[in-house]
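Q: If you scroll down you'll find the structure; I have some questions about it.
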Amino acid sequence: MVAAGHYLAAAAGLEILRRGGNAIDAGVAMGFCCPILEPHQNGLGGESPILIHHARSGRVVAVNGQGVAPQAATIDWFRQQQIDSIPGDGLLPATVPSTVDNYVTALAQFGTLSLEEVVGPALELASNGFPLYHSLLARIRQCADCFRDQWPSTGELYLRGGQVPQWGDPQTNPGIAAVLQQMIAAERSSATRGRVAGLDAARDLFYTGWPAEQMAEFARDTRVQDATGGTHSGLLAYDDLSAYRAKVENTVSVEYHGLQVHKCSSWSQGPVFCQQLRLLDGFDLESMGHNQPDYVHTWIECAKLAFADRECHYGDPEFSSVPLQRLLSPQYAAERRVLVDPLRASLELRPGDLPARSLETRAIDPGRHGGDTTGAVAVDADGNMIAITPSGGWIHSSPVIPALGFPLGTRGQMFSLDADHPNALQPGKRPRTTLSPSLVMRSGRPWMVFQTPGGDQQDQWTLQFFLNLVHFQMGVQQALDAPLFHSEHFPASFYPHNQSPGRVVIEERIPAPIRAALADRGHDVHTCGAWELGRVMGIRFDEQRGLVYGGASARGETAYAQGW
């Protein structure tokens with residue numbers, strides 16, 4: 001079973017399974033398709049955290065799929081430029097693109113096929129094209145003036161004679177096709193030394209060969225106006241690219257109702273999912289009733305506590321001392337749980353072990369920085385599982401590198417320029433990303449993989465999906481389709497780091513009397529469209545019946561689950 005943010009990516013993953021590949025092969029195949037099919041949601045210049053259960057070894061691991069800050073990127077540099085917040089667009093926020101290394105690392109250590117076999121569908125899409133669809137076309141239309149007047153390399157790829165294309169027009173990407181062809185050629189040249197040697201050669205081609213040279217040259221020689229109001233070239237250099245290596249590392253996990261939930265470490269926001277589970281474990285959620293006032297209120301107040309810790313404690317653990325053992329302990333959750341007032345919404349940011357602080361509404365126009373994310377999940381009959389959350393490198397945030405067909409990413413906007421913050425900018429450090437795939441085991445056996453796009457909301461929307469399954473006995477698609485809500489109480493991870501104290505955004509399918517009851521408790525309730533929040537996808541094992549159940553949210557209309 002596979003699911004992906006675009007149905008053609010899902011079809012590619014399913015085809016890999018049909019050819020005898022395992023779930024990791026299928027996941028990587030889908031991952032390489034996503035930047036071509038959804039360039040407004042992710043790109044080869046971005047990042048892609050991965051969680052894997054490898055059936056043969058029994059290991060559950062994370063590929064730490066977030067690129068690092070360039071060596072030239074320092075707090076002092078930004079202060080000298082009189083920049084107080086890293087912008088969300090242009091070239092300044094580029095970190096080392098991690099996506100290609102993430103996928104090759106996963107394939108080399110846990111897959112079975114060659115890179116040539118796995119990227120075949122992506123190469124076909126890049127070379128022969130696919131029909132333009134509504135959300136991609138809407139983004140091209142929104143950015144047409146910029147593509148036409150400021151970023152001609154992007155306009156050349158996504159406009160037609162300077163004009164917006166039509167729905168259904170074929171979209172190719174010759175630059176990405178050339179990159180993939182060169183990687184395949186590098187793999188073939190080392191094939192006599194074995195499969196892994198071939199994969200390493202393909203990976204090295206991207207990070208030390210022609211693509212790396214093109215990325216470094218573009219960052220150095222191109223000046224782009226960004227949200228600072230100034231015009232800047234990038235800080236990313238060839239040596240940053242050639243020195244980078246993805247790492248396979250341990251996950252962070254907690255047990256909840258007999259299930260072992262695995263997340264990426266504090267270089268992501270993943271542990272906030274675990275903290276929310278620890279807090280909610282002290283409440284009788286089932287007796288409150290699904291999406292009833294007590295349930296939503298309690299859920300939101302626990303989310304606020306967990307995300308306050310994310311804001312004040314999380315960072316790259318290789319650079320910052322993050323007290324994860326305490327943050328994820330039942331004792332700490334018990335201390336924090338008493339802060340939940342069952343009748344009133346809290347309006348402060350209340351991290352543990354630090355003073356509470358007041359929040360003021362901050363709503364600055366983010367400009368063109370904003371992007372989204374996509375996803376890919378896969379399982380196979382042997383019990384292998386993979387969950388990928390590809391993002392960054394959006395075509396509306398930074399101009400396309402002409403020869404390569406993709407832009408650099410802008411994830412550096414998530415760094416703090418406060419030197420005392422655990423997420424403070426340092427050369428070689430990973431920004432605390434919002435990207436957060438999920439993997440769950442039960443009694444040492446595979447149970448589920450799931451993920452969603454959505455920035456700060458990822459570990460809110462996926463948590464509701466998870467609780468729908470665990471506490472309310474919903475099937476996978478029913479749990480995906482249930483109405484969603486989220487908090488925007490805490491500072492946002494993305495530039496300009498807006499915050500809205502007490503705000504709850506809630507789909508209108510949750511009845512008006514429930515929304516009114518939440519407002520009466522002090523929540524700042526904002527109602528959105530009936531099917532507006534989240535694009536969760538997931539696959540669950542049912543070992544008793546010998547089945548897997550997969551689903552993808554109908555929101556957005558392009559995600560799809562397919563099984564064989």
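Letters A, B, ... go to the chains of the structure tokens in the order shown; residues in each chain start at 1; ligands are counted from 1 in the same order.
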Enumerate the residues of range 31-144 of chain A with a DSSP assignment of strand (DSSP E), computed from the backbone, and present them as a list in words.
A: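 Across range 31-144 of chain A, those assigned strand (DSSP E) are Ile50, Leu51, Ile52, His53, His54, Arg59, Val60, Val61, Ala62, Val63, Phe130 and Pro131 of chain A.
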Q: So that I have them on file, write out the residues from the current selection with C-alpha atoms, as a PDB file, in the first residue's frame.
A:
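Dumped to out26.pdb:
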ATOM      1  CA  ILE A  50      12.118  10.141   6.936  1.00  0.00           C
ATOM      2  CA  LEU A  51      11.057   7.452   9.406  1.00  0.00           C
ATOM      3  CA  ILE A  52      11.645   3.790   8.537  1.00  0.00           C
ATOM      4  CA  HIS A  53      10.801   0.420  10.042  1.00  0.00           C
ATOM      5  CA  HIS A  54      13.111  -2.166   8.491  1.00  0.00           C
ATOM      6  CA  ARG A  59      15.121  -1.365  13.426  1.00  0.00           C
ATOM      7  CA  VAL A  60      13.074   1.819  13.606  1.00  0.00           C
ATOM      8  CA  VAL A  61      15.208   4.763  12.508  1.00  0.00           C
ATOM      9  CA  ALA A  62      15.070   8.351  11.338  1.00  0.00           C
ATOM     10  CA  VAL A  63      16.960   9.814   8.413  1.00  0.00           C
ATOM     11  CA  PHE A 130       2.131  15.660 -16.657  1.00  0.00           C
ATOM     12  CA  PRO A 131      -1.095  17.698 -16.892  1.00  0.00           C
TER      13      PRO A 131
END
Q: Write out as JSON, numbers by chain which residues come within 7 Å of Leu408 in chain A when counting only C-alpha atoms, dropping same-chain ones fewer than 2 positions away.
A: {"A": [45, 46, 94, 393, 398, 406, 410]}
Q: Name the residues in contact with Gly258 in chain A at a cut-off of 8 Å, using only C-alpha atoms, excluding same-chain residues fewer than 2 positions from it; report them as a VMD selection string.
A: chain A and resid 255 to 256 260 442 to 443
Q: State, in Å with one decimal place, the distance from CA of Ser320 in chain A to CA of Ala419 in chain A.
A: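 So the answer is 11.2 Å.
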Q: Between CA of Asp520 in chain A and CA of Leu463 in chain A, what is the distance in Å, rounded to a tenth?
A: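 Taking CA of Asp520 in chain A as the start and CA of Leu463 in chain A as the end point, the length is 24.8 Å.
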Q: Would you list the contacts of range 382-387 of chain A as a PyMOL selection string, taking every protein, DNA or RNA residue within 8 Å and counting only C-alpha atoms, but skipping same-chain residues closer than 4 positions in sequence?
A: chain A and resi 22-24+27+50-55+375-378+437-439+445-446+448-451
Q: Rank A:Val470, A:Ile75, A:Ile388, A:Ala26 by their smallest atom-to-atom distance to Cys264 in chain A, using only C-alpha atoms, and report the top residue only.
A: A:Ile388
Q: Give me, as number ranges by chain, the residues of range 311-418 of chain A that a backbone DSSP run labels helix (DSSP H, G or I).
A: A: 311-313, 324-327, 330-337, 411-414
Q: When distances are computed from only C-alpha atoms, which of A:Tyr549, A:Tyr158, A:Tyr103, A:Tyr560 shows the smallest separation from Asp200 in chain A?
A: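 Using only C-alpha atoms, Asp200 in chain A sits closest to A:Tyr103.
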Q: Quick one: which range 203-270 of chain A residues come within 10 Å of range 173-188 of chain A, and what is the nearest atom pair for each with the distance in Å to one decimal, counting only C-alpha atoms, rows ordered by chain and ascending number, as a Markdown table?
A:
| residue | atom | partner | partner_atom | distance |
| --- | --- | --- | --- | --- |
| A:Arg203 | CA | A:Met183 | CA | 7.1 |
| A:Asp204 | CA | A:Met183 | CA | 8.6 |
| A:Leu205 | CA | A:Met183 | CA | 6.2 |
| A:Phe206 | CA | A:Met183 | CA | 7.0 |
| A:Gly209 | CA | A:Gln182 | CA | 9.6 |
| A:Trp210 | CA | A:Val179 | CA | 8.7 |
| A:Pro211 | CA | A:Val179 | CA | 7.0 |
Q: I want to know what sits within 12 Å of Glu311 in chain A, based on only C-alpha atoms, with residues of the same chain fewer than 2 positions away left out; could you give that as a CSV table (one decimal) with C-alpha atoms, in the first residue's frame?
A:
chain,number,residue,atom,x,y,z
A,266,SER,CA,14.3,17.9,18.4
A,267,TRP,CA,15.8,19.2,15.2
A,268,SER,CA,12.2,18.8,14.1
A,269,GLN,CA,9.0,19.6,16.0
A,271,PRO,CA,8.7,15.5,20.0
A,272,VAL,CA,5.8,17.9,20.5
A,304,LYS,CA,-0.5,25.1,24.0
A,305,LEU,CA,1.7,23.6,26.8
A,306,ALA,CA,3.5,21.3,24.5
A,307,PHE,CA,4.1,23.9,21.8
A,308,ALA,CA,5.4,26.4,24.4
A,309,ASP,CA,8.1,23.8,25.2
A,313,HIS,CA,13.5,24.2,24.4
A,314,TYR,CA,13.8,22.6,21.0
A,315,GLY,CA,16.8,22.8,18.6
A,322,VAL,CA,17.6,19.8,24.8
A,349,LEU,CA,3.0,31.2,26.6
A,350,ARG,CA,3.9,28.8,29.5
A,351,PRO,CA,7.0,26.7,28.8
A,352,GLY,CA,8.1,24.3,31.6
A,354,LEU,CA,11.0,28.8,32.4
A,357,ARG,CA,5.4,35.2,29.2
A,414,MET,CA,13.2,29.1,11.0
A,415,PHE,CA,16.4,30.0,12.9
A,416,SER,CA,16.4,32.4,15.7
A,421,HIS,CA,17.9,30.5,22.0
A,422,PRO,CA,18.3,26.7,21.5
A,423,ASN,CA,17.3,27.2,17.8
A,424,ALA,CA,19.9,30.0,17.3
A,432,ARG,CA,14.2,23.3,13.9
A,433,THR,CA,12.0,22.2,11.1
A,434,THR,CA,8.2,21.7,11.3
A,456,ASP,CA,3.1,24.2,12.7
A,489,HIS,CA,-1.5,30.5,20.1
A,490,PHE,CA,2.3,30.3,19.9
A,491,PRO,CA,4.9,32.0,17.7
A,492,ALA,CA,4.9,30.6,14.2
A,493,SER,CA,8.0,28.8,12.9
A,497,HIS,CA,6.8,34.4,13.1
A,499,GLN,CA,1.4,34.7,16.8
Q: Write out as a list in words the residues lying within 7 Å of Trp531 in chain A, counting only C-alpha atoms and excluding same-chain residues fewer than 2 positions away.
A: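 Contacts, with the query itself left out: Glu507, Gly529, Leu533 and Arg555 of chain A.
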Q: Mind writing the picked residues with N, CA and C atoms as a PDB file, in the first residue's frame?
A:
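What ended up in selection-v7.pdb:
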ATOM      1  N   GLU A 507     -12.758  23.839  11.508  1.00  0.00           N
ATOM      2  CA  GLU A 507     -13.580  23.644  10.312  1.00  0.00           C
ATOM      3  C   GLU A 507     -15.061  23.778  10.651  1.00  0.00           C
ATOM      4  N   GLY A 529     -13.322  26.926   6.180  1.00  0.00           N
ATOM      5  CA  GLY A 529     -14.128  26.083   5.312  1.00  0.00           C
ATOM      6  C   GLY A 529     -14.277  24.663   5.816  1.00  0.00           C
ATOM      7  N   LEU A 533      -8.617  22.169   6.387  1.00  0.00           N
ATOM      8  CA  LEU A 533      -7.444  21.946   7.231  1.00  0.00           C
ATOM      9  C   LEU A 533      -6.851  20.553   7.025  1.00  0.00           C
ATOM     10  N   ARG A 555      -9.049  16.581   1.162  1.00  0.00           N
ATOM     11  CA  ARG A 555      -8.707  18.004   1.077  1.00  0.00           C
ATOM     12  C   ARG A 555      -7.541  18.181   0.095  1.00  0.00           C
TER      13      ARG A 555
END
Q: Go through A:Asn468, A:Gln413, A:Gln331, A:Ser153 one by one, measure the shortest atom-to-atom distance of each to Leu425 in chain A using only C-alpha atoms, and give the residue with the smallest value.
A: A:Gln413
Q: Would you please work out which residue, of A:Ala530, A:Gln325, A:Gly522, A:Val338, is nearest to Ile506 in chain A when using only C-alpha atoms?
A: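 Closest to Ile506 in chain A, using only C-alpha atoms: A:Ala530.
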